[in-house]
Structures are given as C-alpha cells and as structure tokens.
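One structure is given below, encoded as structure tokens.
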Amino acid sequence: MFCKIYTAACLGIEGHIVQVEADLSAGLPTFRIVGEISSEVRESGARICTAIRNSGYELPPKRYIVNLSPANFHKSGTGFDLPIAISLLCCIEQINPEHLKKSIFIGELGLDGRLVPVKGILSMIGKAVEAGYEQCYVPVENASEAAILPGICVFGANTLREIIFHLQGKLSLKAVQRPIESGEKQPRKYPLDYKDIYGQEMAKRCIEISVAGGHHLLMIGPPGSGKTMMAERIPYILPDMTFEEQMTVTKIYSARGLLKNGQGLMKERPFRRPHHTVSDKVLIGGGALPMPGELSMAHAGILFLDEFAEFSRTAIEALRQPLESGEVYLHRVRGDYCYPAKPLVIAAMNPCRCGYYPDRERCRCSEQQVQGYMSKISGPMIERMDLCVRINPVNYTSMSQMPEGLGSAEMFQNIIKARSCQAKRFENADIQLNSAMDSAMMAAYCALDAASEDLLKKAYEKYHLSARTYQKILKVARTICDLDGEERIGTEQLMEALAYRLPESAFGGYR
Amino acid sequence: MKLTERECLFWLASKTWMGVRSFDKLMGYFHSAKNIYYGRNSNYEEIPGLSKKVRSHLQDASEYSEDMIRRDMEIFEKQGGKFVCRVDEEFPERLRHIYDVPIGLFYYGELPNEHRPMIAVVGARTASGYGLEAAAYFSKKLAQAGIGVISGLARGIDGAAHQGAMEGAGKTWAVLGSGINVCYPREHQRLYEQMKSSGGILSEYGWNTKPEAWHFPLRNRLISGLADGIFVIEARKKSGSLITADLGLEQGKNIYALPGPFQTGLSEGCHRLIQTGAKLVYRPEDIVEDYEKDGLAGFTESEKIKLSLDKREYLVYASLSLGPKDVDTISRECGFSVVETLQILMNLELDGVIQSMGQNLYMLRL
C-alpha cells in the first residue's frame, strides 16, 4: 500500500513543499526513511512509531519505506514527524488519504503523541499558500503564526490523536481565526523619552535625520555622556513597519525559533544590541546550516553596536558587504542561503582608549594612540557611516538650568513627515528611503543650484572628500530637506549635512 | 696612516659608553683625543674616578681599529651627516660656555647662526588645542621676525613649534635624544625631513643610537644651551620642560612662559615660572623686543585678520576660544538653534577662521 502526504521544509527563510511517500509491503519488518535527510529526521522513526502506538494504533510488523521527495535538497528539522506519522496511518488504512491532497502537515511528535512546535512555520505556510494548499495542520503553539496569511485554513492540535480523530471524522478541530486588525490605532507611547536628555540637541537632530532617511549613525563621546541613553530611545520613534516588513522580520525570527509560543506577526521593529565580543558568524549569520545573524535579526529595525571600536576587526569588516547590498549571502556545501539585512546601524564609541580626548585635562593619550584607537575601524567602514555626532558630557549645574529640549513625540512627527515625503518620491521605485538612492535618482532628486554647487566644490577641496562621502552628504542633505519641508537642496541644508560628516581631524592631529 | 685628532673625537663622540664627564677626565690626563686612542694600554689607575666600564671598553682592542673608525666616518658623511667637535671653529660658541660641553655634535642641515637670536619653544607632549595653536602661532611670528626656533621634535608642543616656524618661512632646529638618523617619534618623519633643509637636526649621540629615556634630560641642556631664551608653553606641575627652563636659568638665559586658563592644571608649571620671575608672554612682541638691539630687523606689527563677518557669524565667532567647544554649548550661548549654529560654524570653517577638531568640537584658528 502506497500513499502520499504533503509537508513543507524551511531552508533559511525559504519554504519548500516536500512530499512524504510511504509504502508498506510484505517482507522482513524494517522501517527506513530515505531522501537526503539529516540525522534528526533519520532518528524520527523511533519517535513516530512510539507516538503512533501511544495514540492507540498498532503498526503491524511489516516493511515500511518512507521517502521524502524531492530528494535533491537536504532536509533537516523535526517538522516531518507529523506528516510521516499521518502517511503511515494512511498505509495501514486508518486514515483515508483521498481528502489530504490539499493539506499540509507540519509538527514534531513526542513519544506520548503530543505535538511539539517547530521553527520556520511562516515561511513554510507562505510557500503552501503560494502552491495552492487549502488546509494545514500544525502544533497549537504554531497556529497563530500559521494563521497570519489569508487563503489557508489552519488547524492547531495538541496531540496526534486529535488530528487522527479529526481526519476520521470523530472530532472536529476548530480552524484558527486570523487576528482581525483593530481599525483604531493605539496612541503611541514613549516609555523612554528624549525629553529626559538635556543639552544634546545636536545629537537628537542627528538621530532624527538618521531615522528619517535611514542613514547609519556613529556617535562618539566620552564614557557616561549618554550614548546608550540616546540609542535606547530610538525604537520608540521608529515608524510602524509595513506588512511586508512585518512578514520578513517574522520569518527571520521564526527561522531562528525566537518567536514566543502563540505569537503571530511581529509588529515592533527589532532593536538588537550584540555584545562587542561577538564573532563575525554571530553577527552576519553562520553555522553548517546557516542561521540568520544579528544583522538579519535587526532587519528593518536597529542594529546598535555599542563600543564599536572594541568589536573584533573581522566582525566589523564582515558587515561591509551586507550593509551595501542589504542582503547576507552565506555559501555552504549544501546550498546558498540569503537573508535580508537592512537594519539602521547605530554605532557608539569613545574617542580614544581612555575616552576623554580632546579634553587634555583628563586625556593623556598621545595623538598616535588616538589615531590608533580610531583606526581600529577601517576607512571603508567609517565611510559607510553617513552621520557622525559627538555626544558631550553635560555637567550638573548646566543640566538644571537648561530648557527642555526636543521630545520623542515631536521627533516622531518630524520623522513621519519626512518619511511620507520619501514615500511620495519613491512611489514607483523599489526603495523607500533616501539612503538607498542610486546615482540616477540622486541626479533627479538632489539637483543643486549654483550657490550650493560652489559651496560643495569648496568643501570638497578643503576637506578632501571622496566620491562616496560626496554622495552621502547629498543624500543626508536630501533628508534634511524632507524634514524641513523644502523642495530643493539649498546651501543651508548642505552646510548642515557637511557638519555631520566625520572629519579627518577626528583621528587626532587636528594641528 | 695615523688617525687625525678629529677622527679620534668622532670615534669617542659616537660611543654611547663615553660620557662627557669621563671624556673630560681622560682629556685631563692625555690632553688630546689622539693620545687617548694611541695610549690605550696606559695605566688607567692614575686617572682618578674613571669608571670600570669605560676602562674595559678602552682596553678592548677588538672593538675598533683605525680602518673601522675611518670607514664609520666615511659612511656617516656619505649619508649627508656632518660632524663638528670642540676643536673646530664652527663649534657653536653658545655651547662652549655650558656645563658639560658635548664632545661633538652630529647634524644634518646647518648649525645655528651665532648672531641670530634663538628661542627654545618647549612644552607638554600631550598638549591641548590651546597649547598647540599657541606654539605654532608664536613660533611662526618669531620665525618671521628672524628668530630661530629650537626644540626637541617631540610630540605636542615641540612638533607644533617646528611646524609653525616653517610656516613662517623661518629656520628651526631640533636637538634629538637619539642618533640624527633615528627619527623619534616616528610620526614626525615628514617634519624631520623638511627640517633638514630649513634649519637642522642636531644630536650629541652617534649614528644609529636609539632614543633612551635617560638621553632626554641630557639633551635638554643642549636645547637650553643653544637658545638665548626658553619659552615654556603648557607645562604641567612636573613637566620635563621645567627641567629645560631650570637648565636655562643656570646658563643665564631668559625664561618666558605662556599663561593658560586657570582652572586646568595644564599650564600650572608655566604659572609657577611666572610667579618666580619668568616673563609673562601674551603676544610675540613680548619676546621679540628683548632681541631687537641684537640687530634684529624689528618686528612688523602682527597683521590683524580682516574679518568681514555678519552679526550672527560674529556672535558665534566670539563665543569660540582656543579650547574645544561643542555645538550644543555654542548654540545655547548664542541663542541660535542647533541647525543655525551648525550652518554658521560650517561657513566660518570653510572661510578658515575657525577649525573643527573632529566630532563636532570647534575652536578658533590663529
């Protein structure tokens, strides 16, 4: 007796449909699973047979062959337990496979027949919807994740027995409802507010620009000056994610198994702050079967690199190419993996080893040491940072006298305004933010008048700018215009953008 | 052929084990360097106080031969090095009168002119923007007035002084604590090369001698010795520059000091010097006027930069100093928004009247 059941596998964040073919024949009793499988799938035989027995069914001692097809890619993970069990039950004619041609089964089994949640559900269901499947059976913990997408009926079950009874018609599982979007929006809350930070107006402005246009930001300042405070407040002023972004982020987190049980779509932009001792593999992703790294986990959100200069050189350098292309490619023997990686990078570092340069009262580092410290970050990496701002320590007396500055609510409003300008501009393009403009778009949207042209030429020569910095300055100026509600880039915006670049003199030796 | 007196002096001056004191003791007994070389098997017991180390080096015949000494000197001269010793007429007159006259001087470039006034500009290695800017500014002005600037090629004030003097198209000399072919610190390589043609590099240490810590206090006596006045900028409480000033005082030189902001300890040494009688210098004329009688062409009144700043720019300009100041503070003091302040600052920087120290800190430019 032969039968076929459908399931899905997840490679990276790509779902693939897999057919589970089971055959039962006379002969010496054996149980084999074939089809380019990993060790956890090979082991699953023992789990499945026991689970079936503990669910009240007996597999007669015959010859069982299970094939996972197509056999051309490596199948790993534990989600095949349930479909294999169902296919075996079809073989012994406990379930009628006739009605299962449009059904997908995913789930791991415990020995007692209980269903255990698996990773990467969203990617797999996404593929199943695309391929036209109509029902899917998943562990109850994965059900709300599976129910994100319309067009498929999701059944969440606690045990194998529930699914068997459902398929036999003895019991009817309830299809999981898609969560309905409530029309009214929750008012935005600011648990951490920029209002609490006094006297850092320049840094706040910089963060506003950075978030509005997606420009990577480097903060330099002495210890205790509030770099981390600044960064921690960013998540609350980020605009909401689009549905596509939410899908991608959820898929990535699902592939890593980081979604909480019962969690559906991720609504909040991720904020990742890896420790500075991380390896390049952790940062960009790695492993024999590559998992997404911190860079991808921060996709569409913030990657905060505190103590930037203390990161290992290889880790920092590994960021270079993905930051440029917005994707991480990981090549392995068993295939190439590609993860999206478009975070906004916020880096923070001290100006020198002791942290107080150029305050000569406290800093005794030689110019050479300052240079040495700064040069831990390579030129190409520095060039990828679009904005640079100094965070100054604020002393107590001035703090109490200072007027209250820009707050998060106001910053958020400005950012929304600038983002909607950009949305209009890039309506027909495949980018959303100014930072992603290519040279053709820059020619169209960053045109300069004669006075600005002169100014930029003067600055180009005086500061020995590179072609890349030149472009960055224009893009930042574009975002400043969007924030100010200006149509064209003028000298004022250009001047401001120039002030945020990282000058050579930051590397010591300003004389 | 026997070695000449000069060759023998070259040999002795090159050796790190030969100090000035031991040399003087030997000279007291042998009366000439030639005799020291050819009388090596004498009974050194008769020379009181001569150290064992020097004695054993002198007696070790394998260490040098006539040919080796001639060859060393030849190599040295081929590399552009020059040597002047006590017996030479060109030996700087100023150095003949100091305590512990060096055996000889190795140098690149030229020796300081005997008639040109010389000022030693010395100060902290880790100096603030204020100190560096002042060192460069004063050195430039001194150089323009025809005064030679001498210093030690160290990081910080020394380097800025040499740089400033060259900007003023003047002559500047560095006295090293290493051999003249060893540039220390390495980052001053370019400065070092430039100085060979606009002044000189001097040292009492031989070819390839490494910069040892104990060389530096000794070379300070040459810096003060070669100068007519010592100008101290940004010396902390226990600064090496104060040693130079003390040596200068013993040698009867003028001492000048630049005052600094009172709250910081960076200029504490300078302030102490002023209290104990050093001349307070707050403009280049304060130094130049002391040397005008020495045939100096007089000092052209420092030309005021004609600034055409509008009112807003002037406000921002006036709030800056020679120390780093951040944009937020400037904007608060002037009452402009951060964005406005940034625009004004960029404008001023592009005009070259102020400079950025990186990281959005700004200071004046002299």
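Every chain in the structure tokens takes a letter, A first, then B, and so on in the order presented; its residues are numbered from 1, and the ligands are numbered from 1 following the presented order.
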Using only C-alpha atoms, tabulate the residues of chain A lying at most 8 Å from any atom of chain B, each with its closest atom pair and that distance in Å to one decimal, by chain and increasing residue number, as a Markdown table.
```
| residue | atom | partner | partner_atom | distance |
| --- | --- | --- | --- | --- |
| A:Gly199 | CA | B:Asp328 | CA | 6.4 |
| A:Gln200 | CA | B:Asp328 | CA | 6.4 |
| A:Glu201 | CA | B:Asp328 | CA | 6.3 |
| A:Met202 | CA | B:Val338 | CA | 5.8 |
| A:Ile220 | CA | B:Gln359 | CA | 6.8 |
| A:Pro358 | CA | B:Ser128 | CA | 7.2 |
| A:Asp359 | CA | B:Ser128 | CA | 7.3 |
| A:Arg360 | CA | B:Ser128 | CA | 5.3 |
| A:Glu361 | CA | B:Thr264 | CA | 6.4 |
| A:Arg364 | CA | B:Thr126 | CA | 5.9 |
| A:Cys365 | CA | B:Thr126 | CA | 7.0 |
| A:Ser366 | CA | B:Thr126 | CA | 5.9 |
| A:Glu367 | CA | B:Thr126 | CA | 7.7 |
| A:Gln368 | CA | B:Glu187 | CA | 7.6 |
| A:Cys388 | CA | B:Gln359 | CA | 7.1 |
| A:Val389 | CA | B:Gln359 | CA | 5.9 |
| A:Arg390 | CA | B:Gln359 | CA | 4.7 |
| A:Asn392 | CA | B:Asp326 | CA | 7.1 |
| A:Lys458 | CA | B:Leu350 | CA | 7.5 |
| A:Ala459 | CA | B:Leu350 | CA | 6.8 |
| A:Lys462 | CA | B:Leu350 | CA | 7.4 |
| A:Glu492 | CA | B:Gln343 | CA | 6.1 |
| A:Met495 | CA | B:Gln343 | CA | 5.2 |
| A:Glu496 | CA | B:Gln343 | CA | 5.5 |
| A:Leu498 | CA | B:Met346 | CA | 7.4 |
| A:Ala499 | CA | B:Met346 | CA | 6.4 |
| A:Tyr500 | CA | B:Asn360 | CA | 7.6 |
| A:Leu502 | CA | B:Gln359 | CA | 6.8 |
| A:Pro503 | CA | B:Gly358 | CA | 5.4 |
| A:Glu504 | CA | B:Gly358 | CA | 7.0 |
| A:Ser505 | CA | B:Gly358 | CA | 4.9 |
| A:Ala506 | CA | B:Gly358 | CA | 4.0 |
| A:Phe507 | CA | B:Gly358 | CA | 7.6 |
| A:Tyr510 | CA | B:Met357 | CA | 5.7 |
| A:Arg511 | CA | B:Leu132 | CA | 7.0 |
```
Note to self: Based on the backbone DSSP call, show me all residues of region 24-253 of chain B assigned strand (DSSP E or B), as a PyMOL selection string.
What the structure shows: chain B and resi 82-85+104-109+118-123+148-151+172-175+199-203+229-233
Checklist line | Close residues, Arg478 (chain A) itself excluded, 12 Å, only C-alpha atoms, min 6 positions apart in chain, as JSON, numbers by chain | finding: {"A": [209, 210, 212, 213, 214, 215, 418, 419, 421, 422, 425, 433, 434, 435, 436, 437, 441, 442, 443, 444, 445, 446, 447, 448, 471, 472, 484, 485, 486, 487, 488, 489, 490, 491, 492, 493, 494, 495, 496, 497]}
Margin query: Using only C-alpha atoms, which protein or nucleic acid residues come within 8 Å of region 168-180 of chain B? Drop anything in the same chain fewer than 4 positions from it, and give the result as number ranges by chain.
Written below: B: 106-108, 112, 139-141, 143-144, 146-153, 162, 164, 184, 195, 198-212, 215-216, 218-219, 222-223
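In this model, the gap between CA of Gln432 (chain A) and CA of Phe271 (chain A) comes to 19.7 Å.
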Next item on the list: Mind checking which residues fall within 12 Å of region 43-45 of chain B, counting only C-alpha atoms, ignoring those fewer than 4 positions away in the same chain, and posting them as a VMD selection string?
Entry: chain B and resid 22 25 to 26 29 to 30 36 39 49 to 56 58 to 59
Selection file, C-alpha atoms, as a PDB file, in the first residue's frame:
```pdb
ATOM      1  CA  SER B  22      84.685  60.514  31.554  1.00  0.00           C
ATOM      2  CA  LYS B  25      88.816  63.117  32.915  1.00  0.00           C
ATOM      3  CA  LEU B  26      90.637  61.360  30.084  1.00  0.00           C
ATOM      4  CA  TYR B  29      95.355  63.057  31.606  1.00  0.00           C
ATOM      5  CA  PHE B  30      96.032  62.615  27.887  1.00  0.00           C
ATOM      6  CA  ILE B  36      93.540  58.665  24.200  1.00  0.00           C
ATOM      7  CA  GLY B  39      97.651  55.466  24.584  1.00  0.00           C
ATOM      8  CA  GLY B  49      87.366  58.311  39.171  1.00  0.00           C
ATOM      9  CA  LEU B  50      87.391  56.741  35.707  1.00  0.00           C
ATOM     10  CA  SER B  51      84.692  54.091  35.631  1.00  0.00           C
ATOM     11  CA  LYS B  52      85.480  50.436  35.087  1.00  0.00           C
ATOM     12  CA  LYS B  53      83.142  50.295  32.156  1.00  0.00           C
ATOM     13  CA  VAL B  54      84.931  52.990  30.204  1.00  0.00           C
ATOM     14  CA  ARG B  55      88.281  51.422  31.077  1.00  0.00           C
ATOM     15  CA  SER B  56      87.282  47.977  29.850  1.00  0.00           C
ATOM     16  CA  LEU B  58      89.101  51.310  26.016  1.00  0.00           C
ATOM     17  CA  GLN B  59      91.211  48.249  26.639  1.00  0.00           C
TER      18      GLN B  59
END
```
